[in-house]
Structure formats: C-alpha cells, structure tokens
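**Q** My structure is below; once you've seen it, I'll send some questions.
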Amino acid sequence: MSSSATDDDDDDVKVVLEQTLLTCPEVFVYRIPPMMTSGGHRAEDWNLANPLATCSLVVMRRDDACLLRLLTDRPKKDGPPGATEPHLFAKCVIELDFANPTKKI
C-alpha cells in the first residue's frame with residue numbers, strides 16, 4: 001500500500017451559519033441586590049430610575065450556539081465631538097441542541 005493517500009477531511013471547509021434572531025435598540029441593565037426575603041427578587045428594590053447601563057441587545061444564532069450581546073455607545077476615539085461607536089458591554093454564549101429542542105443540555 002502506498003502512503004500517498006490523502007485524507008479528504010483535511011480539505012473540508014466548515015460553513016458557519018449565522019442568523020440574527022432579535023435586535024432590541026434599548027435595554028436597561030441593573031445591579032440586582034441580594035434577596036432580603038425568601039419571597040424572591042423585587043424590581044422595586046433595583047433602583048429602576050438609575051440603571052447600571054443602557055444598552056442595545058442583539059441575539060444571534062451561530063451554528064448550535066445562541067449568542068447574547070449587550071452593546072453600549074462610547075465616545076469615538078479621535079472622532080468629532082458627540083460621535084460614538086458601539087462597544088461590547090457583555091456577552092453570553094448558550095449552547096443549544098436545535099435537532100432536539102426538548103433535550104436538556
């Protein structure tokens with residue numbers, strides 16, 4: 001046998017599917033204080049008038065993962081006064097099984 005056989009797996013190109021599922025232009029982020037009672041968290045204790053940040057939310061699907069991104073505007077470096085650019089405030093990746101959505105991961 002010859003050792004010159006090539007492995008076709010090396011030539012495969014992985015296609016990454018990406019889809020935007022939701023874009024929300026304004027969401028508020030709050031610092032949730034510790035629970036004071038066994039009754040659970042109460043939004044009235046969150047200081048709703050003063051959110052930690054005001055962001056935009058983008059929910060994307062990338063292959064079998066769901067990505068949540070919170071973006072906030074920050075002043076654009078070397079830009080004119082008042083110019084802003086999006087900045088990643090926080091992100092979260094959640095692995096999903098789209099073939100079996102009732103399966104717990």
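Letters for chains follow the order of the structure tokens (A, B, ...), residue numbers begin at 1 for each chain, and ligand numbers begin at 1 in the order shown.
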Show me a table, sorted first by chain and then by increasing residue number, of the residues of stretch 72-94 of chain A having an atom at most 12 Å from stretch 10-31 of chain A, each with its shortest atom pair and the distance in Å to one decimal, counting only C-alpha atoms and written as a tab-separated table.

**A**
residue	atom	partner	partner_atom	distance
A:Thr72	CA	A:Glu26	CA	9.5
A:Asp73	CA	A:Glu26	CA	11.2
A:Pro86	CA	A:Pro25	CA	11.7
A:Phe89	CA	A:Val29	CA	10.1
A:Ala90	CA	A:Val29	CA	10.4

**Q** Write out as a list of chain:residue names each polymer residue whose atoms come within 7 Å of A:Leu71, counting only C-alpha atoms; drop sequence neighbours fewer than 6 positions from it.

**A**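 Contacts, with the query itself left out: A:Cys55, A:Ser56, A:Leu57, A:Pro86, A:His87, A:Leu88, A:Phe89.
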
**Q** Using atom CA of A:Cys66 and atom CA of A:Ile94 as the two end points, give the distance in Å to one decimal.

**A**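 Separating atom CA of A:Cys66 from atom CA of A:Ile94 is a distance of 5.0 Å.
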
**Q** Atom CA of A:Thr84 and atom CA of A:Arg62 are how many Å apart?

**A** 27.3 Å

**Q** Write down as a VMD selection string the residues of chain A whose backbone DSSP state falls under strand (DSSP E or B).

**A** chain A and resid 18 to 29 53 to 62 65 to 75 84 to 95

**Q** How far is it from atom CA of A:Asp64 to atom CA of A:Lys91, in Å with one decimal?

**A** 16.3 Å

**Q** Using only C-alpha atoms, which residue out of A:Leu52, A:Leu70, A:Met60, A:Cys92 lies closest to A:Ile32?

**A**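 With only C-alpha atoms as the atom set, the closest residue is A:Leu52.
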